[in-house]
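Enquirer: Please find one structure pasted underneath; my questions will follow.
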Amino acid sequence: MIPYGRQSISEADIEAVVEVLRSDFLTQGPVVPHFEQAVADYCGARFGVAVNSGTAALHIACLALGVGPGDWVWTSPISFVASANCALYCGAQVDFVDIESDTGNMCAMELERKLVVAKKEGRLPKVVIPVHFAGLPCDMKEIYRLGQAYGFRIIEDACHALGARYHDEPTGNGRYSDITVFSFHPVKIITTGEGGMAMTNDPALAKTMRLLRSHGITREPADFINEPDGPWYYEQQMLGFNYRMTDIQAALGLSQMANLEGWIAKRSEIAHRYFETLAPERLPRYFSAERRSAFHLYVHHVSPEQRTVTFQRLREKGIGANVHYMPIYKQPWYQKRALMPHPHTEQFYAGAITLPLFPTLNTVQQDLIHAYLISTV
Ligand SMILES: *Cc1c(COP(=O)(O)O)cnc(C)c1O
């Protein structure tokens with residue numbers, strides 16, 4: 001079975017991990033800050049806070065921005081459930097903004113329309129979490145402008161989008177948001193096994209997120225609230241978690257960073273071939289000077305009537321098709337909240353099939369997928 005996504009692990013990656021296994025630190029040690037710095041340098045952010053998943057990064061990002069009971073957080077319904085769960089962890093309520101039907105990204109016009117209504121009803125969101133679906137950056141200039149106008153903060157869920165660019169700047173530099181979150185799950189752009197990172201330019205947010213990832217504990221004398229009663233002293237200053245990344249994971253991530261640009265080029269080449277063959281009309285949207293997608297996913301669209309049968313036949317041929325994503329509000333846990341269905345979201349989901357896309361997918365495999373889809377559609 002050709003999977004829909006797959007990690008690439010080099011001998012250098014294995015060496016880097018083995019080196020840590022032979023060292024003194026297995027949990028968070030000296031390699032974690034190196035990895036944080038490497039990602040921060042790559043995307044032009046001041047700070048990176050490494051944690052043990054993208055989900056944990058979303059959670060501490062919400063907490064650092066003060067999300068709590070009584071607050072609303074809005075995100076995109078075409079995403080992994082973690083984009084919404086992070087708000088529920090904080091006791092806040094979640095609502096969804098409809099997507100652009102061509103990209104699957106949060107629609108800035110829909111966002112504005114919803115904000116106008118929410119303002120009248122006195123329930124404006126505290127935080128909005130746009131998701132760079134499949135790796136394509138959202139319309140961040142417009143979302144940022146709305147944030148200024150309506151007073152919400154922004155967390156970019158860039159779990160698909162490490163290596164993406166927006167107006168010729170890297171996603172993660174924080175020009176249009178407070179915090180940007182990456183995931184290093186094996187299907188994502190680079191991997192640490194499990195892992196994630198929250199990027200920010202705000203030293204106070206970085207400091208809070210560092211506390212939250214390790215129980216709310218500090219060992220920094222300059223930050224102590226009380227007088228230390230000995231050299232063993234440390235303080236728990238807030239209720240945090242054990243969300244630490246290990247040095248083993250950070251070594252893998254750091255080594256993977258060396259291949260990032262090459263992998264994006266490879267993903268882009270494969271995606272370009274898909275578009276040319278299957279959806280040439282969509283090429284201009286995905287290959288423009290304005291945005292560079294990281295091409296985490298390639299989502300093919302068929303008619304809703306054709307979707308199940310196409311999916312099953314691909315699977316029978318050993319092509320690991322997938323679907324990204326069932327709208328989050330259709331999940332039983334969210335259905336209880338009686339959230340409204342969104343027309344573009346429903347339509348997008350009804351015909352979406354994710355085709356295999358990863359740097360080592362070869363042209364023979366890809367031609368097989370092309371030939372098969374062209375013969376059935
Ligand atoms: C993968 C993913 C996450 C969660 O990341 P984990 O590292 O698996 O916790 C969050 N949001 C989106 C959009 C994702 O694809």
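All residue names refer to the structure tokens as shown: chains lettered A, B, ... in order, residues numbered from 1 in each chain, ligands numbered from 1 in order.
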Can you tell me which residues come within 10 Å of ligand 1 when counting only C-alpha atoms and all ligand atoms, ideally as a VMD selection string?
Expert: chain A and resid 51 to 59 76 78 to 86 129 to 135 156 to 161 181 to 188 191 to 197 296 to 297 324 to 325
Enquirer: Would you kindly return, as a list of chain:residue names, each protein, DNA or RNA residue with an atom no farther than 12 Å from any atom of Tyr372 (chain A), considering only C-alpha atoms and excluding same-chain residues fewer than 4 positions away?
Expert: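 Near neighbours after the sequence-gap exclusion: A:Thr277, A:Leu278, A:Thr310, A:Phe311, A:Arg313, A:Leu314, A:Arg315, A:Glu316, A:Lys317, A:Gly318, A:Ile319, A:Leu355, A:Gln365, A:Gln366, A:Asp367, A:Leu368, A:Thr376, A:Val377.
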Enquirer: Report as a list of chain:residue names all protein, DNA and RNA residues lying within 12 Å of Ile225 (chain A), evaluated on only C-alpha atoms, omitting residues in the same chain fewer than 2 positions from it.
Expert: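 Those residues are A:Ile217, A:Thr218, A:Arg219, A:Glu220, A:Pro221, A:Ala222, A:Asp223, A:Glu227, A:Pro228, A:Tyr233, A:Tyr234, A:Glu235, A:Gln236, A:Gln237, A:Met238.
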Enquirer: Ranking A:Arg307, A:Leu357, A:Glu290, A:Gln28 by minimum distance to Glu169 (chain A) and counting only C-alpha atoms, which one comes first?
Expert: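 Closest candidate: A:Glu290.
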Enquirer: Pick out the residues sitting within 8 Å of region 259-264 of chain A, and hand them over as a list in words; count only C-alpha atoms, and ignore anything fewer than 5 positions along from it in its own chain.
Expert: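 Using only C-alpha atoms, the neighbours found are Gly163, Ile189, Ile190, Ala294, Phe295 and Pro359 of chain A.
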Enquirer: A:Asp247, A:Asp71, A:Asp178, A:Asp139: which is nearest Met199 (chain A), counting only C-alpha atoms?
Expert: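 Comparing A:Asp247, A:Asp71, A:Asp178, A:Asp139 against Met199 (chain A), the winner is A:Asp178.
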Enquirer: Quick check for you: according to DSSP on this backbone, which residues of region 112-280 of chain A are classed as strand (DSSP E or B)? Reply as a list in words.
Expert: Val127, Val128, Ile129, Val131, Arg153, Ile154, Ile155, Glu156, Asp157, Arg165, Tyr166, Glu169, Pro170, Ile179, Thr180, Val181, Phe182, Ser183, Gly196, Met197, Ala198, Met199, Thr200, Ser214, Ile217, Thr218, Glu235, Gln236 and Asn242 of chain A
Enquirer: Include N, CA and C atoms and write out the residues we just selected as a compact mmCIF listing (two decimals), in the first residue's frame.
Expert:
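Below is the file out-v1.txt, written as the result:
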```txt
# COMPACT_ATOMS: atom_id res chain seq x y z
N VAL A 127 -9.77 34.46 20.82
CA VAL A 127 -8.69 33.96 19.96
C VAL A 127 -9.31 33.34 18.71
N VAL A 128 -8.68 33.58 17.57
CA VAL A 128 -9.05 32.91 16.32
C VAL A 128 -7.86 32.06 15.89
N ILE A 129 -8.14 30.81 15.50
CA ILE A 129 -7.07 29.88 15.09
C ILE A 129 -7.26 29.50 13.63
N VAL A 131 -6.20 27.75 10.23
CA VAL A 131 -5.41 26.54 9.95
C VAL A 131 -4.90 26.63 8.52
N ARG A 153 -6.98 37.81 19.46
CA ARG A 153 -5.60 37.39 19.24
C ARG A 153 -5.61 36.23 18.25
N ILE A 154 -4.44 35.94 17.67
CA ILE A 154 -4.37 34.94 16.60
C ILE A 154 -3.31 33.88 16.89
N ILE A 155 -3.72 32.61 16.81
CA ILE A 155 -2.78 31.48 16.82
C ILE A 155 -2.87 30.85 15.43
N GLU A 156 -1.77 30.81 14.70
CA GLU A 156 -1.77 30.11 13.41
C GLU A 156 -1.53 28.63 13.69
N ASP A 157 -2.49 27.79 13.29
CA ASP A 157 -2.25 26.35 13.33
C ASP A 157 -1.52 26.01 12.03
N ARG A 165 5.49 29.75 2.73
CA ARG A 165 5.84 31.16 2.70
C ARG A 165 4.62 31.98 2.31
N TYR A 166 4.54 33.19 2.87
CA TYR A 166 3.42 34.08 2.62
C TYR A 166 4.00 35.46 2.30
N GLU A 169 7.67 35.66 2.87
CA GLU A 169 8.24 35.51 4.22
C GLU A 169 7.80 34.17 4.78
N PRO A 170 8.65 33.56 5.63
CA PRO A 170 8.30 32.23 6.13
C PRO A 170 7.11 32.23 7.09
N ILE A 179 1.08 33.76 17.99
CA ILE A 179 1.78 32.48 18.15
C ILE A 179 1.51 31.63 16.91
N THR A 180 2.53 30.90 16.47
CA THR A 180 2.35 29.94 15.37
C THR A 180 2.77 28.57 15.88
N VAL A 181 1.95 27.55 15.55
CA VAL A 181 2.19 26.21 16.08
C VAL A 181 2.53 25.23 14.95
N PHE A 182 3.58 24.44 15.17
CA PHE A 182 3.97 23.37 14.24
C PHE A 182 3.82 22.02 14.92
N SER A 183 3.58 20.98 14.10
CA SER A 183 3.57 19.59 14.60
C SER A 183 4.69 18.82 13.91
N GLY A 196 6.04 18.98 18.85
CA GLY A 196 5.46 20.21 18.33
C GLY A 196 6.26 21.40 18.81
N MET A 197 5.96 22.57 18.25
CA MET A 197 6.65 23.78 18.70
C MET A 197 5.74 24.99 18.53
N ALA A 198 5.82 25.90 19.52
CA ALA A 198 5.07 27.15 19.46
C ALA A 198 6.07 28.28 19.25
N MET A 199 5.87 29.05 18.16
CA MET A 199 6.77 30.14 17.82
C MET A 199 6.13 31.47 18.23
N THR A 200 6.93 32.39 18.75
CA THR A 200 6.40 33.73 19.04
C THR A 200 7.55 34.74 19.04
N SER A 214 6.36 22.70 31.58
CA SER A 214 7.00 21.90 32.63
C SER A 214 6.44 22.26 34.00
N ILE A 217 6.88 25.27 36.62
CA ILE A 217 8.05 25.38 37.51
C ILE A 217 9.16 26.22 36.89
N THR A 218 9.77 27.09 37.70
CA THR A 218 10.98 27.79 37.28
C THR A 218 12.11 27.52 38.26
N GLU A 235 10.48 26.94 42.15
CA GLU A 235 9.10 27.39 42.41
C GLU A 235 8.13 26.92 41.34
N GLN A 236 6.97 26.47 41.78
CA GLN A 236 5.84 26.30 40.86
C GLN A 236 4.99 27.56 40.94
N ASN A 242 3.34 18.29 32.10
CA ASN A 242 4.58 17.74 31.58
C ASN A 242 4.40 17.57 30.08
```
Enquirer: List as a ChimeraX atom specification the protein and nucleic acid residues near Arg113 (chain A), meaning an atom at most 12 Å away when only C-alpha atoms are counted, but skip any in the same chain fewer than 6 places from it.
Expert: /A:97-98,107,119-120,124,146,150
Enquirer: Selected residues, N, CA and C atoms, written as a tab-separated table (two decimals), in the first residue's frame, please.
Expert:
```
chain	number	residue	atom	x	y	z
A	97	VAL	N	-15.67	28.84	11.64
A	97	VAL	CA	-15.85	29.79	10.54
A	97	VAL	C	-15.77	28.99	9.24
A	98	ASP	N	-16.68	29.27	8.32
A	98	ASP	CA	-16.69	28.50	7.07
A	98	ASP	C	-15.40	28.75	6.27
A	107	CYS	N	-12.20	31.23	5.59
A	107	CYS	CA	-12.53	32.31	4.67
A	107	CYS	C	-12.59	33.63	5.44
A	119	LYS	N	-20.43	40.67	17.38
A	119	LYS	CA	-20.26	41.95	18.09
A	119	LYS	C	-21.60	42.43	18.62
A	120	LYS	N	-22.62	42.31	17.78
A	120	LYS	CA	-23.98	42.72	18.19
A	120	LYS	C	-24.45	41.88	19.37
A	124	LEU	N	-17.87	38.15	21.02
A	124	LEU	CA	-16.71	38.15	20.12
A	124	LEU	C	-15.68	37.13	20.60
A	146	LEU	N	-8.65	42.05	10.71
A	146	LEU	CA	-9.89	41.83	11.47
A	146	LEU	C	-9.57	41.68	12.96
A	150	TYR	N	-11.43	43.90	15.67
A	150	TYR	CA	-12.37	43.28	16.60
A	150	TYR	C	-11.71	42.79	17.89
```
Enquirer: Just the residues within 9 Å of Met140 (chain A), please, counting only C-alpha atoms, with nothing from its chain fewer than 2 positions along; format it as a list in words.
Expert: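 The neighbour list is Ala108, Pro130, Pro137, Cys138, Glu142, Ile143, Tyr144, Arg145, Glu156, Tyr166, Arg175, Tyr176 and Ser177 of chain A.
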Enquirer: Could you write out the selected residues, including N, CA and C atoms, as a compact mmCIF listing (two decimals), in the first residue's frame?
Expert:
```
# COMPACT_ATOMS: atom_id res chain seq x y z
N ALA A 108 -11.76 34.59 5.05
CA ALA A 108 -11.70 35.87 5.76
C ALA A 108 -13.02 36.64 5.64
N PRO A 130 -6.69 30.27 12.70
CA PRO A 130 -6.73 29.84 11.30
C PRO A 130 -5.78 28.65 11.10
N PRO A 137 -0.73 28.83 3.18
CA PRO A 137 -1.04 29.87 4.17
C PRO A 137 -2.41 30.52 3.92
N CYS A 138 -3.11 30.79 5.02
CA CYS A 138 -4.40 31.49 4.95
C CYS A 138 -4.16 32.95 4.56
N GLU A 142 -5.56 39.76 5.94
CA GLU A 142 -6.95 40.11 6.18
C GLU A 142 -7.39 39.64 7.58
N ILE A 143 -6.97 38.46 7.97
CA ILE A 143 -7.35 37.95 9.29
C ILE A 143 -6.71 38.82 10.38
N TYR A 144 -5.49 39.24 10.15
CA TYR A 144 -4.81 40.13 11.10
C TYR A 144 -5.54 41.48 11.20
N ARG A 145 -5.93 42.00 10.03
CA ARG A 145 -6.66 43.28 10.03
C ARG A 145 -7.94 43.15 10.86
N GLU A 156 -1.77 30.81 14.70
CA GLU A 156 -1.77 30.11 13.41
C GLU A 156 -1.53 28.63 13.69
N TYR A 166 4.54 33.19 2.87
CA TYR A 166 3.42 34.08 2.62
C TYR A 166 4.00 35.46 2.30
N ARG A 175 4.43 37.72 11.78
CA ARG A 175 4.07 39.06 11.34
C ARG A 175 2.57 39.32 11.49
N TYR A 176 1.77 38.28 11.34
CA TYR A 176 0.32 38.46 11.38
C TYR A 176 -0.36 37.66 12.49
N SER A 177 0.38 37.30 13.51
CA SER A 177 -0.23 36.50 14.59
C SER A 177 0.58 36.64 15.87
```
Enquirer: Name the residues of region 144-245 of chain A that fall into alpha helix (DSSP H) according to DSSP on the backbone, using the chain letters and numbers of this document, as a list in words.
Expert: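 Reading the DSSP output for region 144-245 of chain A, alpha helix (DSSP H) covers Tyr144, Arg145, Leu146, Gly147, Gln148, Ala149, Tyr150, Pro203, Ala204, Leu205, Ala206, Lys207, Thr208, Met209, Arg210, Leu211, Leu212 and Arg213 of chain A.
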Enquirer: Selected residues, N, CA, C and O atoms, written as an mmCIF file, in the first residue's frame, please.
Expert:
```cif
data_model
loop_
_atom_site.group_PDB
_atom_site.id
_atom_site.type_symbol
_atom_site.label_atom_id
_atom_site.label_comp_id
_atom_site.auth_asym_id
_atom_site.auth_seq_id
_atom_site.Cartn_x
_atom_site.Cartn_y
_atom_site.Cartn_z
ATOM 1 N N TYR A 144 -5.491 39.242 10.151
ATOM 2 C CA TYR A 144 -4.812 40.131 11.098
ATOM 3 C C TYR A 144 -5.538 41.477 11.202
ATOM 4 O O TYR A 144 -5.757 42.005 12.294
ATOM 5 N N ARG A 145 -5.934 42.005 10.033
ATOM 6 C CA ARG A 145 -6.657 43.282 10.029
ATOM 7 C C ARG A 145 -7.943 43.152 10.864
ATOM 8 O O ARG A 145 -8.270 44.027 11.677
ATOM 9 N N LEU A 146 -8.654 42.053 10.705
ATOM 10 C CA LEU A 146 -9.886 41.830 11.471
ATOM 11 C C LEU A 146 -9.573 41.680 12.963
ATOM 12 O O LEU A 146 -10.338 42.131 13.816
ATOM 13 N N GLY A 147 -8.442 41.073 13.266
ATOM 14 C CA GLY A 147 -8.012 40.938 14.656
ATOM 15 C C GLY A 147 -7.812 42.307 15.306
ATOM 16 O O GLY A 147 -8.210 42.532 16.460
ATOM 17 N N GLN A 148 -7.210 43.215 14.553
ATOM 18 C CA GLN A 148 -7.012 44.574 15.068
ATOM 19 C C GLN A 148 -8.361 45.258 15.263
ATOM 20 O O GLN A 148 -8.582 45.945 16.254
ATOM 21 N N ALA A 149 -9.269 45.064 14.295
ATOM 22 C CA ALA A 149 -10.559 45.756 14.327
ATOM 23 C C ALA A 149 -11.480 45.205 15.423
ATOM 24 O O ALA A 149 -12.235 45.954 16.039
ATOM 25 N N TYR A 150 -11.426 43.897 15.665
ATOM 26 C CA TYR A 150 -12.373 43.280 16.603
ATOM 27 C C TYR A 150 -11.713 42.792 17.893
ATOM 28 O O TYR A 150 -12.369 42.181 18.741
ATOM 29 N N PRO A 203 8.463 38.012 24.229
ATOM 30 C CA PRO A 203 9.207 37.325 25.300
ATOM 31 C C PRO A 203 8.315 36.876 26.453
ATOM 32 O O PRO A 203 8.565 35.819 27.052
ATOM 33 N N ALA A 204 7.270 37.632 26.749
ATOM 34 C CA ALA A 204 6.384 37.259 27.864
ATOM 35 C C ALA A 204 5.604 35.990 27.518
ATOM 36 O O ALA A 204 5.455 35.094 28.366
ATOM 37 N N LEU A 205 5.119 35.908 26.275
ATOM 38 C CA LEU A 205 4.397 34.691 25.863
ATOM 39 C C LEU A 205 5.333 33.483 25.871
ATOM 40 O O LEU A 205 4.961 32.394 26.305
ATOM 41 N N ALA A 206 6.559 33.681 25.387
ATOM 42 C CA ALA A 206 7.534 32.583 25.360
ATOM 43 C C ALA A 206 7.807 32.093 26.780
ATOM 44 O O ALA A 206 7.836 30.879 27.044
ATOM 45 N N LYS A 207 7.960 33.021 27.687
ATOM 46 C CA LYS A 207 8.258 32.670 29.074
ATOM 47 C C LYS A 207 7.098 31.890 29.698
ATOM 48 O O LYS A 207 7.305 30.867 30.359
ATOM 49 N N THR A 208 5.872 32.368 29.472
ATOM 50 C CA THR A 208 4.702 31.669 30.011
ATOM 51 C C THR A 208 4.597 30.257 29.429
ATOM 52 O O THR A 208 4.341 29.289 30.153
ATOM 53 N N MET A 209 4.825 30.138 28.115
ATOM 54 C CA MET A 209 4.711 28.813 27.490
ATOM 55 C C MET A 209 5.795 27.864 28.007
ATOM 56 O O MET A 209 5.560 26.665 28.174
ATOM 57 N N ARG A 210 7.003 28.414 28.289
ATOM 58 C CA ARG A 210 8.073 27.564 28.849
ATOM 59 C C ARG A 210 7.686 27.057 30.225
ATOM 60 O O ARG A 210 7.951 25.901 30.577
ATOM 61 N N LEU A 211 7.049 27.928 31.020
ATOM 62 C CA LEU A 211 6.587 27.485 32.341
ATOM 63 C C LEU A 211 5.516 26.412 32.203
ATOM 64 O O LEU A 211 5.554 25.378 32.868
ATOM 65 N N LEU A 212 4.555 26.667 31.302
ATOM 66 C CA LEU A 212 3.415 25.746 31.161
ATOM 67 C C LEU A 212 3.836 24.354 30.685
ATOM 68 O O LEU A 212 3.201 23.369 31.029
ATOM 69 N N ARG A 213 4.915 24.271 29.909
ATOM 70 C CA ARG A 213 5.294 22.953 29.397
ATOM 71 C C ARG A 213 5.940 22.091 30.468
ATOM 72 O O ARG A 213 6.097 20.886 30.301
#
```
Enquirer: Excluding Gly104 (chain A) and residues on its chain fewer than 2 positions from it, collect all residues at most 8 Å away from it, counting only C-alpha atoms, and give them as a JSON list (two decimals) with N, CA and C atoms, in the first residue's frame.
Expert:
```json
[["chain", "number", "residue", "atom", "x", "y", "z"],
["A", 78, "ILE", "N", -12.60, 22.41, 8.81],
["A", 78, "ILE", "CA", -11.86, 21.43, 8.01],
["A", 78, "ILE", "C", -10.44, 21.37, 8.58],
["A", 99, "ILE", "N", -15.13, 27.83, 5.35],
["A", 99, "ILE", "CA", -13.87, 27.84, 4.60],
["A", 99, "ILE", "C", -14.04, 28.45, 3.20],
["A", 100, "GLU", "N", -12.93, 28.70, 2.54],
["A", 100, "GLU", "CA", -12.92, 29.01, 1.10],
["A", 100, "GLU", "C", -13.09, 27.68, 0.38],
["A", 101, "SER", "N", -14.01, 27.59, -0.57],
["A", 101, "SER", "CA", -14.27, 26.26, -1.14],
["A", 101, "SER", "C", -13.11, 25.75, -1.99],
["A", 102, "ASP", "N", -12.25, 26.61, -2.51],
["A", 102, "ASP", "CA", -11.16, 26.10, -3.35],
["A", 102, "ASP", "C", -9.95, 25.63, -2.55],
["A", 106, "MET", "N", -9.71, 28.84, 6.22],
["A", 106, "MET", "CA", -10.70, 29.74, 6.80],
["A", 106, "MET", "C", -10.92, 30.93, 5.86],
["A", 133, "PHE", "N", -4.45, 24.97, 5.81],
["A", 133, "PHE", "CA", -4.86, 23.64, 5.40],
["A", 133, "PHE", "C", -3.98, 23.09, 4.27],
["A", 345, "THR", "N", -17.98, 24.12, 3.81],
["A", 345, "THR", "CA", -17.35, 23.02, 4.53],
["A", 345, "THR", "C", -17.98, 21.69, 4.14],
["A", 348, "PHE", "N", -17.04, 20.79, 0.57],
["A", 348, "PHE", "CA", -15.63, 20.41, 0.47],
["A", 348, "PHE", "C", -15.44, 18.97, 0.95]]
```
Enquirer: Which of these residues is nearest to Met245 (chain A), using only C-alpha atoms: A:Phe224, A:Trp333, A:Trp232, A:Phe25?
Expert: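 Of A:Phe224, A:Trp333, A:Trp232, A:Phe25, the one nearest Met245 (chain A) is A:Phe25, counting only C-alpha atoms.
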Enquirer: Rank nothing, just name the residue among A:Ala38, A:Ser255, A:Gly70, A:Pro77 nearest to Asp13 (chain A), using only C-alpha atoms.
Expert: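 The shortest atom-to-atom distance to Asp13 (chain A) comes from A:Ser255.
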Enquirer: Which of these, A:Val302, A:Val323, A:Ala250, A:Met340, has the shortest distance to Gly29 (chain A) once you count only C-alpha atoms?
Expert: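 Checking each candidate against Gly29 (chain A), we get A:Ala250 as the closest.
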Enquirer: Between A:Lys330, A:Lys114, A:Glu19, A:Phe35, which has the minimum distance to Gln256 (chain A) (counting only C-alpha atoms)?
Expert: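 Ranked by minimum distance to Gln256 (chain A), first place goes to A:Phe35.
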